file protein-v4.cif (mmCIF, C-alpha atoms and all ligand atoms)
data_model
loop_
_atom_site.group_PDB
_atom_site.id
_atom_site.type_symbol
_atom_site.label_atom_id
_atom_site.label_comp_id
_atom_site.auth_asym_id
_atom_site.auth_seq_id
_atom_site.Cartn_x
_atom_site.Cartn_y
_atom_site.Cartn_z
ATOM 1 C CA MET A 28 8.582 7.249 -4.093
ATOM 2 C CA ARG A 29 5.527 5.755 -5.791
ATOM 3 C CA ILE A 30 2.602 3.557 -4.835
ATOM 4 C CA THR A 31 2.834 -0.077 -5.916
ATOM 5 C CA ILE A 32 -0.148 -1.551 -7.747
ATOM 6 C CA LEU A 33 -1.902 -4.927 -7.514
ATOM 7 C CA GLY A 34 0.120 -7.426 -9.546
ATOM 8 C CA GLU A 35 3.471 -6.290 -8.146
ATOM 9 C CA GLU A 36 5.232 -9.018 -6.210
ATOM 10 C CA VAL A 37 6.087 -6.835 -3.190
ATOM 11 C CA LEU A 38 2.395 -6.573 -2.279
ATOM 12 C CA ARG A 39 2.251 -10.346 -1.851
ATOM 13 C CA GLN A 40 5.423 -10.799 0.192
ATOM 14 C CA LYS A 41 5.601 -11.180 3.954
ATOM 15 C CA ALA A 42 7.400 -8.030 5.098
ATOM 16 C CA LYS A 43 10.466 -8.136 7.381
ATOM 17 C CA PRO A 44 10.830 -6.290 10.692
ATOM 18 C CA VAL A 45 12.208 -2.754 10.718
ATOM 19 C CA GLU A 46 15.670 -2.864 12.297
ATOM 20 C CA ASN A 47 16.729 0.772 12.535
ATOM 21 C CA ILE A 48 14.403 3.614 13.450
ATOM 22 C CA ASP A 49 16.718 6.514 12.694
ATOM 23 C CA ASP A 50 16.620 9.931 11.019
ATOM 24 C CA ASP A 51 16.749 8.374 7.540
ATOM 25 C CA PHE A 52 13.776 6.189 8.391
ATOM 26 C CA ARG A 53 11.856 9.164 9.796
ATOM 27 C CA ALA A 54 12.618 11.235 6.676
ATOM 28 C CA MET A 55 11.260 8.370 4.575
ATOM 29 C CA LEU A 56 8.117 8.320 6.781
ATOM 30 C CA ASP A 57 7.607 12.043 6.129
ATOM 31 C CA GLU A 58 7.808 11.492 2.389
ATOM 32 C CA MET A 59 5.441 8.547 2.656
ATOM 33 C CA TYR A 60 2.986 10.580 4.758
ATOM 34 C CA LYS A 61 2.986 13.323 2.131
ATOM 35 C CA LEU A 62 2.335 10.757 -0.608
ATOM 36 C CA MET A 63 -0.566 9.331 1.408
ATOM 37 C CA LYS A 64 -2.115 12.766 1.923
ATOM 38 C CA ASP A 65 -1.582 13.751 -1.727
ATOM 39 C CA THR A 66 -3.422 10.623 -2.845
ATOM 40 C CA ASN A 67 -6.235 11.083 -0.281
ATOM 41 C CA GLY A 68 -5.375 7.869 1.551
ATOM 42 C CA ILE A 69 -6.062 7.233 5.235
ATOM 43 C CA GLY A 70 -3.428 4.511 5.480
ATOM 44 C CA LEU A 71 -0.277 3.402 3.692
ATOM 45 C CA ALA A 72 1.947 0.395 4.438
ATOM 46 C CA GLY A 73 5.616 -0.287 3.583
ATOM 47 C CA PRO A 74 4.951 -2.755 0.727
ATOM 48 C CA GLN A 75 2.770 -0.096 -0.915
ATOM 49 C CA ILE A 76 5.855 2.080 -1.407
ATOM 50 C CA ASP A 77 7.933 -0.910 -2.518
ATOM 51 C CA ASP A 78 9.543 -1.278 0.925
ATOM 52 C CA SER A 79 9.041 -4.786 2.277
ATOM 53 C CA ARG A 80 9.328 -3.897 5.953
ATOM 54 C CA ARG A 81 6.732 -3.984 8.711
ATOM 55 C CA PHE A 82 5.416 -0.470 9.188
ATOM 56 C CA PHE A 83 2.466 1.667 8.215
ATOM 57 C CA ILE A 84 0.998 5.149 8.687
ATOM 58 C CA ILE A 85 -2.643 5.917 9.411
ATOM 59 C CA GLU A 86 -4.453 9.215 9.635
ATOM 60 C CA VAL A 87 -8.231 9.049 9.959
ATOM 61 C CA GLU A 88 -10.671 11.917 10.392
ATOM 62 C CA ASP A 89 -9.330 12.856 13.847
ATOM 63 C CA GLY A 90 -6.272 14.280 12.034
ATOM 64 C CA ILE A 91 -3.748 12.407 14.186
ATOM 65 C CA ARG A 92 -0.805 10.963 12.263
ATOM 66 C CA ARG A 93 -0.169 7.497 13.680
ATOM 67 C CA VAL A 94 2.930 5.485 12.815
ATOM 68 C CA PHE A 95 3.040 1.750 13.545
ATOM 69 C CA ILE A 96 6.394 -0.013 13.343
ATOM 70 C CA ASN A 97 6.743 -3.798 13.812
ATOM 71 C CA PRO A 98 3.095 -3.990 14.936
ATOM 72 C CA GLN A 99 1.471 -6.966 16.640
ATOM 73 C CA ILE A 100 -2.277 -7.369 16.853
ATOM 74 C CA MET A 101 -2.971 -8.489 20.433
ATOM 75 C CA GLU A 102 -6.746 -8.838 20.430
ATOM 76 C CA MET A 103 -9.648 -8.686 18.020
ATOM 77 C CA SER A 104 -13.294 -8.438 19.059
ATOM 78 C CA LYS A 105 -15.673 -11.306 18.356
ATOM 79 C CA GLU A 106 -18.182 -8.757 17.073
ATOM 80 C CA THR A 107 -17.729 -8.016 13.401
ATOM 81 C CA CYS A 108 -19.114 -5.326 11.130
ATOM 82 C CA PRO A 109 -19.183 -4.548 7.400
ATOM 83 C CA TYR A 110 -17.336 -1.542 5.988
ATOM 84 C CA GLU A 111 -16.598 -0.446 2.442
ATOM 85 C CA GLU A 112 -12.851 -0.675 1.849
ATOM 86 C CA GLY A 113 -10.607 0.649 -0.865
ATOM 87 C CA CYS A 114 -6.842 0.548 -1.295
ATOM 88 C CA LEU A 115 -4.367 2.925 -2.934
ATOM 89 C CA SER A 116 -2.749 -0.154 -4.519
ATOM 90 C CA ILE A 117 -6.081 -1.139 -6.124
ATOM 91 C CA PRO A 118 -7.216 2.278 -7.366
ATOM 92 C CA GLY A 119 -10.850 2.867 -8.247
ATOM 93 C CA GLU A 120 -12.223 -0.294 -6.620
ATOM 94 C CA TYR A 121 -14.279 -0.663 -3.443
ATOM 95 C CA GLU A 122 -15.875 -3.561 -1.645
ATOM 96 C CA GLU A 123 -17.740 -4.123 1.580
ATOM 97 C CA ILE A 124 -15.613 -6.302 3.851
ATOM 98 C CA ILE A 125 -16.551 -7.873 7.182
ATOM 99 C CA ARG A 126 -13.932 -7.681 9.924
ATOM 100 C CA PRO A 127 -13.754 -7.522 13.727
ATOM 101 C CA GLU A 128 -15.203 -4.273 15.050
ATOM 102 C CA LYS A 129 -12.454 -3.574 17.589
ATOM 103 C CA VAL A 130 -8.784 -4.317 17.738
ATOM 104 C CA LYS A 131 -5.933 -3.961 20.222
ATOM 105 C CA ILE A 132 -2.485 -3.469 18.729
ATOM 106 C CA GLN A 133 1.043 -2.987 20.053
ATOM 107 C CA ALA A 134 3.714 -1.275 17.965
ATOM 108 C CA LEU A 135 6.677 1.096 18.057
ATOM 109 C CA ASP A 136 6.197 4.751 17.177
ATOM 110 C CA GLU A 137 8.582 6.759 14.988
ATOM 111 C CA ASN A 138 10.877 7.345 17.981
ATOM 112 C CA GLY A 139 11.086 3.617 18.665
ATOM 113 C CA LYS A 140 8.829 3.848 21.720
ATOM 114 C CA SER A 141 6.380 1.009 22.343
ATOM 115 C CA PHE A 142 2.666 1.808 22.607
ATOM 116 C CA VAL A 143 -0.615 -0.069 22.791
ATOM 117 C CA LEU A 144 -3.710 1.197 21.007
ATOM 118 C CA GLU A 145 -7.286 0.029 21.424
ATOM 119 C CA ALA A 146 -9.230 1.067 18.360
ATOM 120 C CA ASP A 147 -12.766 0.878 17.075
ATOM 121 C CA GLY A 148 -14.607 2.392 14.124
ATOM 122 C CA ILE A 149 -12.663 3.456 11.064
ATOM 123 C CA LEU A 150 -9.344 3.395 12.950
ATOM 124 C CA ALA A 151 -9.813 -0.294 13.822
ATOM 125 C CA ARG A 152 -10.653 -0.933 10.195
ATOM 126 C CA ALA A 153 -7.579 0.905 8.910
ATOM 127 C CA VAL A 154 -5.289 -0.869 11.401
ATOM 128 C CA GLN A 155 -6.463 -4.293 10.221
ATOM 129 C CA HIS A 156 -6.296 -3.373 6.540
ATOM 130 C CA GLU A 157 -2.752 -1.957 6.849
ATOM 131 C CA ASN A 158 -1.522 -4.764 9.093
ATOM 132 C CA ASP A 159 -2.712 -7.241 6.448
ATOM 133 C CA HIS A 160 -0.457 -5.501 3.895
ATOM 134 C CA LEU A 161 2.567 -6.569 5.978
ATOM 135 C CA ASP A 162 1.603 -10.211 5.461
ATOM 136 C CA GLY A 163 0.940 -9.836 1.740
ATOM 137 C CA ILE A 164 -2.829 -9.867 2.263
ATOM 138 C CA LEU A 165 -5.137 -7.465 0.405
ATOM 139 C CA TYR A 166 -8.742 -6.640 1.271
ATOM 140 C CA ILE A 167 -9.960 -8.432 -1.862
ATOM 141 C CA ASP A 168 -8.650 -11.660 -0.293
ATOM 142 C CA ARG A 169 -11.207 -11.215 2.501
ATOM 143 C CA GLY A 170 -14.213 -10.467 0.320
ATOM 144 C CA ASP A 171 -16.196 -12.110 -2.435
ATOM 145 C CA GLU A 172 -14.208 -14.705 -4.410
ATOM 146 C CA LYS A 173 -15.691 -13.650 -7.773
ATOM 147 C CA PHE A 174 -14.973 -9.971 -7.142
ATOM 148 C CA ARG A 175 -11.401 -10.892 -6.214
ATOM 149 C CA GLU A 176 -10.839 -12.845 -9.437
ATOM 150 C CA LYS A 177 -12.389 -10.082 -11.532
ATOM 151 C CA ILE A 178 -10.138 -7.416 -9.982
ATOM 152 C CA ILE A 179 -6.973 -9.512 -10.309
ATOM 153 C CA LYS A 180 -7.710 -10.126 -13.997
ATOM 154 C CA LYS A 181 -8.491 -6.459 -14.586
ATOM 155 C CA PHE A 182 -5.177 -5.375 -13.065
ATOM 156 C CA GLU A 183 -3.232 -8.053 -14.966
ATOM 157 C CA LEU A 184 -4.585 -6.640 -18.225
ATOM 158 C CA ARG A 185 -3.816 -3.142 -17.005
ATOM 159 C CA ALA A 186 -0.179 -4.145 -16.308
ATOM 160 C CA ILE A 187 0.148 -5.683 -19.782
ATOM 161 C CA ARG A 188 -1.233 -2.520 -21.409
ATOM 162 C CA HIS A 189 1.203 -0.396 -19.406
ATOM 163 C CA ALA A 190 4.147 -2.623 -20.431
ATOM 164 C CA GLU A 191 3.093 -2.448 -24.097
ATOM 165 C CA LYS A 192 2.788 1.328 -23.984
ATOM 166 C CA LYS A 193 6.192 1.608 -22.349
ATOM 167 C CA ALA A 194 7.795 -0.680 -24.963
ATOM 168 C CA ALA A 195 6.187 1.286 -27.814
ATOM 169 C CA LYS A 196 7.461 4.546 -26.310
ATOM 170 C CA GLU A 197 10.982 3.160 -26.002
ATOM 171 C CA ALA A 198 10.930 1.840 -29.580
ATOM 172 C CA LYS A 199 9.805 5.248 -30.832
ATOM 173 C CA ALA A 200 12.573 7.005 -28.874
ATOM 174 C CA LYS A 201 15.098 4.592 -30.417
ATOM 175 C CA ARG A 202 13.836 5.278 -33.957
ATOM 176 C CA ILE A 203 14.065 9.033 -33.385
ATOM 177 C CA ALA A 204 17.576 8.714 -31.956
ATOM 178 C CA ALA A 205 18.622 6.630 -35.002
ATOM 179 C CA LYS A 206 17.158 9.264 -37.380
ATOM 180 C CA ILE A 207 19.020 12.067 -35.597
ATOM 181 C CA ALA A 208 22.267 10.082 -35.718
ATOM 182 C CA ALA A 209 21.781 9.393 -39.442
ATOM 183 C CA ALA A 210 21.026 13.073 -40.152
ATOM 184 C CA LYS A 211 24.150 14.145 -38.235
ATOM 185 C CA GLN A 212 26.286 11.716 -40.208
ATOM 186 C CA LYS A 213 24.854 13.099 -43.448
ATOM 187 C CA ALA A 214 25.591 16.652 -42.377
ATOM 188 C CA ASN A 215 29.146 15.671 -41.534
ATOM 189 C CA SER A 216 29.852 13.814 -44.758
HETATM 190 NI NI NI A 301 -4.446 -0.997 1.151
#
call {"tool": "encode", "arguments": {"input": "protein-v4.cif", "output": "structure tokens", "more": "lines below"}}
Ligand code: NI
result
Amino acid sequence: MRITILGEEVLRQKAKPVENIDDDFRAMLDEMYKLMKDTNGIGLAGPQIDDSRRFFIIEVEDGIRRVFINPQIMEMSKETCPYEEGCLSIPGEYEEIIRPEKVKIQALDENGKSFVLEADGILARAVQHENDHLDGILYIDRGDEKFREKIIKKFELRAIRHAEKKAAKEAKAKRIAAKIAAAKQKANS
């Protein structure tokens, strides 16, 4: 399991509902939770682990692990507030984003039981940020247009560099393999 990065198609897709909440799904949630904690995240959504289904995990400073499956936002407050957001799929970048202060959300928990949560503060912020991921929306889409363009370009270049490095590595491995094969042939002849 790995975290997908801006530029990957899955982050821009509209995720599909979760159909089976079973032991396999719960085991996957545990792995995802561990990945989130290991990377110091407070929220992680399906598309961020290359799974285009509608679910996310949040754990804010109250230390409660909250799982939201097939969530529906029911209400958002008219009052908005700014908050600096970051995203594990856009590492190293932060931007102040204005969103509704409070939110009411309905979802299924990891046992398939329906619950309603009224959230404010950082929890309300995380819920909206993660829920956006399920619709292919990233926080940079809700901020400054110029910042958004700059970040998208930066990550495009980053992806190209990664692809080039990977290709160079593979070419080198091929050359080494060819040398070893040639040496073996020599030894045998
Ligand atoms: Ni995010």
call {"tool": "closest_residue", "arguments": {"input": "protein-v4.cif", "among": "A:Glu112, A:Asp147, A:Asp89, A:Glu106", "to": "Pro127 (chain A)", "atoms": "all atoms listed in the file"}}
result
A:Glu106
call {"tool": "residues_near_ligand", "arguments": {"input": "protein-v4.cif", "ligand": "ligand NI 301 (chain A)", "cutoff": "8 Å", "atoms": "only C-alpha atoms and all ligand atoms", "output": "ChimeraX atom specification"}}
result
/A:70-72,75,113-117,156-157,160,165-166
call {"tool": "resolve_selection", "arguments": {"input": "protein-v4.cif", "expression": "the PyMOL selection byres (((chain A and resi 150) around 10) and not hetatm)", "output": "list in words"}}
result
Ile69, Gly70, Ile85, Glu86, Val87, Glu88, Asp89, Glu128, Lys129, Val130, Glu145, Ala146, Asp147, Gly148, Ile149, Ala151, Arg152, Ala153, Val154, Gln155 and His156 of chain A
call {"tool": "resolve_selection", "arguments": {"input": "protein-v4.cif", "expression": "the PyMOL selection byres (((chain A and resi 125) around 6) and not hetatm)", "output": "JSON, numbers by chain"}}
result
{"A": [108, 109, 124, 126]}
call {"tool": "closest_residue", "arguments": {"input": "protein-v4.cif", "among": "A:Glu122, A:Glu191, A:Asp162, A:Glu111", "to": "Arg175 (chain A)", "atoms": "all atoms listed in the file"}}
result
A:Glu122
call {"tool": "closest_residue", "arguments": {"input": "protein-v4.cif", "among": "A:Ile32, A:Ile91, A:Ile203, A:Ala190", "to": "Pro74 (chain A)", "atoms": "all atoms listed in the file"}}
result
A:Ile32
call {"tool": "atom_distance", "arguments": {"input": "protein-v4.cif", "atom1": "CA of Lys41 (chain A)", "atom2": "CA of Glu137 (chain A)"}}
result
21.3 Å
call {"tool": "resolve_selection", "arguments": {"input": "protein-v4.cif", "expression": "the PyMOL selection byres (((chain A and resi 62) around 12) and not hetatm)", "output": "list in words"}}
result
Met28, Arg29, Ile30, Met55, Leu56, Asp57, Glu58, Met59, Tyr60, Lys61, Met63, Lys64, Asp65, Thr66, Asn67, Gly68, Ile69, Gly70, Leu71, Ala72, Gln75, Ile76, Ile84 and Leu115 of chain A
call {"tool": "atom_distance", "arguments": {"input": "protein-v4.cif", "atom1": "CA of Pro98 (chain A)", "atom2": "CA of Ile132 (chain A)"}}
result
6.8 Å
call {"tool": "build_atoms", "arguments": {"input": "protein-v4.cif", "residues": "region 179-201 of chain A", "atoms": "N, CA, C and O atoms", "output": "short mmCIF file (atom, residue, chain, number, x, y, z; two decimals), in the coordinates of the input"}}
result
data_model
loop_
_atom_site.label_atom_id
_atom_site.label_comp_id
_atom_site.auth_asym_id
_atom_site.auth_seq_id
_atom_site.Cartn_x
_atom_site.Cartn_y
_atom_site.Cartn_z
N ILE A 179 -8.33 -9.04 -9.98
CA ILE A 179 -6.97 -9.51 -10.31
C ILE A 179 -6.78 -9.55 -11.82
O ILE A 179 -5.77 -9.08 -12.35
N LYS A 180 -7.78 -10.06 -12.53
CA LYS A 180 -7.71 -10.13 -14.00
C LYS A 180 -7.61 -8.72 -14.60
O LYS A 180 -6.80 -8.46 -15.48
N LYS A 181 -8.46 -7.84 -14.10
CA LYS A 181 -8.49 -6.46 -14.59
C LYS A 181 -7.11 -5.79 -14.45
O LYS A 181 -6.65 -5.12 -15.37
N PHE A 182 -6.47 -6.01 -13.30
CA PHE A 182 -5.18 -5.38 -13.06
C PHE A 182 -4.04 -6.08 -13.82
O PHE A 182 -3.05 -5.44 -14.15
N GLU A 183 -4.22 -7.36 -14.11
CA GLU A 183 -3.23 -8.05 -14.97
C GLU A 183 -3.25 -7.44 -16.36
O GLU A 183 -2.20 -7.14 -16.94
N LEU A 184 -4.45 -7.24 -16.89
CA LEU A 184 -4.58 -6.64 -18.23
C LEU A 184 -4.02 -5.23 -18.23
O LEU A 184 -3.36 -4.80 -19.17
N ARG A 185 -4.30 -4.50 -17.15
CA ARG A 185 -3.82 -3.14 -17.00
C ARG A 185 -2.28 -3.10 -17.04
O ARG A 185 -1.68 -2.25 -17.69
N ALA A 186 -1.65 -4.07 -16.35
CA ALA A 186 -0.18 -4.14 -16.31
C ALA A 186 0.38 -4.45 -17.69
O ALA A 186 1.40 -3.89 -18.11
N ILE A 187 -0.30 -5.34 -18.42
CA ILE A 187 0.15 -5.68 -19.78
C ILE A 187 0.06 -4.45 -20.69
O ILE A 187 1.00 -4.14 -21.41
N ARG A 188 -1.06 -3.75 -20.61
CA ARG A 188 -1.23 -2.52 -21.41
C ARG A 188 -0.14 -1.51 -21.10
O ARG A 188 0.43 -0.90 -22.00
N HIS A 189 0.15 -1.33 -19.81
CA HIS A 189 1.20 -0.40 -19.41
C HIS A 189 2.56 -0.80 -19.99
O HIS A 189 3.30 0.03 -20.49
N ALA A 190 2.87 -2.11 -19.93
CA ALA A 190 4.15 -2.62 -20.43
C ALA A 190 4.24 -2.40 -21.94
O ALA A 190 5.29 -2.01 -22.46
N GLU A 191 3.11 -2.64 -22.64
CA GLU A 191 3.09 -2.45 -24.10
C GLU A 191 3.32 -0.99 -24.46
O GLU A 191 4.09 -0.67 -25.36
N LYS A 192 2.64 -0.12 -23.75
CA LYS A 192 2.79 1.33 -23.98
C LYS A 192 4.23 1.76 -23.76
O LYS A 192 4.78 2.54 -24.53
N LYS A 193 4.82 1.25 -22.70
CA LYS A 193 6.19 1.61 -22.35
C LYS A 193 7.15 1.12 -23.44
O LYS A 193 8.04 1.87 -23.87
N ALA A 194 6.94 -0.11 -23.91
CA ALA A 194 7.80 -0.68 -24.96
C ALA A 194 7.66 0.12 -26.26
O ALA A 194 8.66 0.40 -26.94
N ALA A 195 6.43 0.51 -26.59
CA ALA A 195 6.19 1.29 -27.81
C ALA A 195 6.89 2.64 -27.72
O ALA A 195 7.48 3.12 -28.69
N LYS A 196 6.82 3.25 -26.55
CA LYS A 196 7.46 4.55 -26.31
C LYS A 196 8.97 4.44 -26.48
O LYS A 196 9.60 5.29 -27.12
N GLU A 197 9.54 3.37 -25.92
CA GLU A 197 10.98 3.16 -26.00
C GLU A 197 11.42 2.91 -27.43
O GLU A 197 12.46 3.41 -27.89
N ALA A 198 10.62 2.14 -28.18
CA ALA A 198 10.93 1.84 -29.58
C ALA A 198 10.91 3.13 -30.41
O ALA A 198 11.78 3.35 -31.26
N LYS A 199 9.93 3.97 -30.12
CA LYS A 199 9.80 5.25 -30.83
C LYS A 199 11.03 6.13 -30.54
O LYS A 199 11.60 6.73 -31.47
N ALA A 200 11.41 6.19 -29.28
CA ALA A 200 12.57 7.00 -28.87
C ALA A 200 13.83 6.51 -29.58
O ALA A 200 14.66 7.31 -30.02
N LYS A 201 13.95 5.19 -29.73
CA LYS A 201 15.10 4.59 -30.42
C LYS A 201 15.11 4.98 -31.89
O LYS A 201 16.16 5.33 -32.44
#
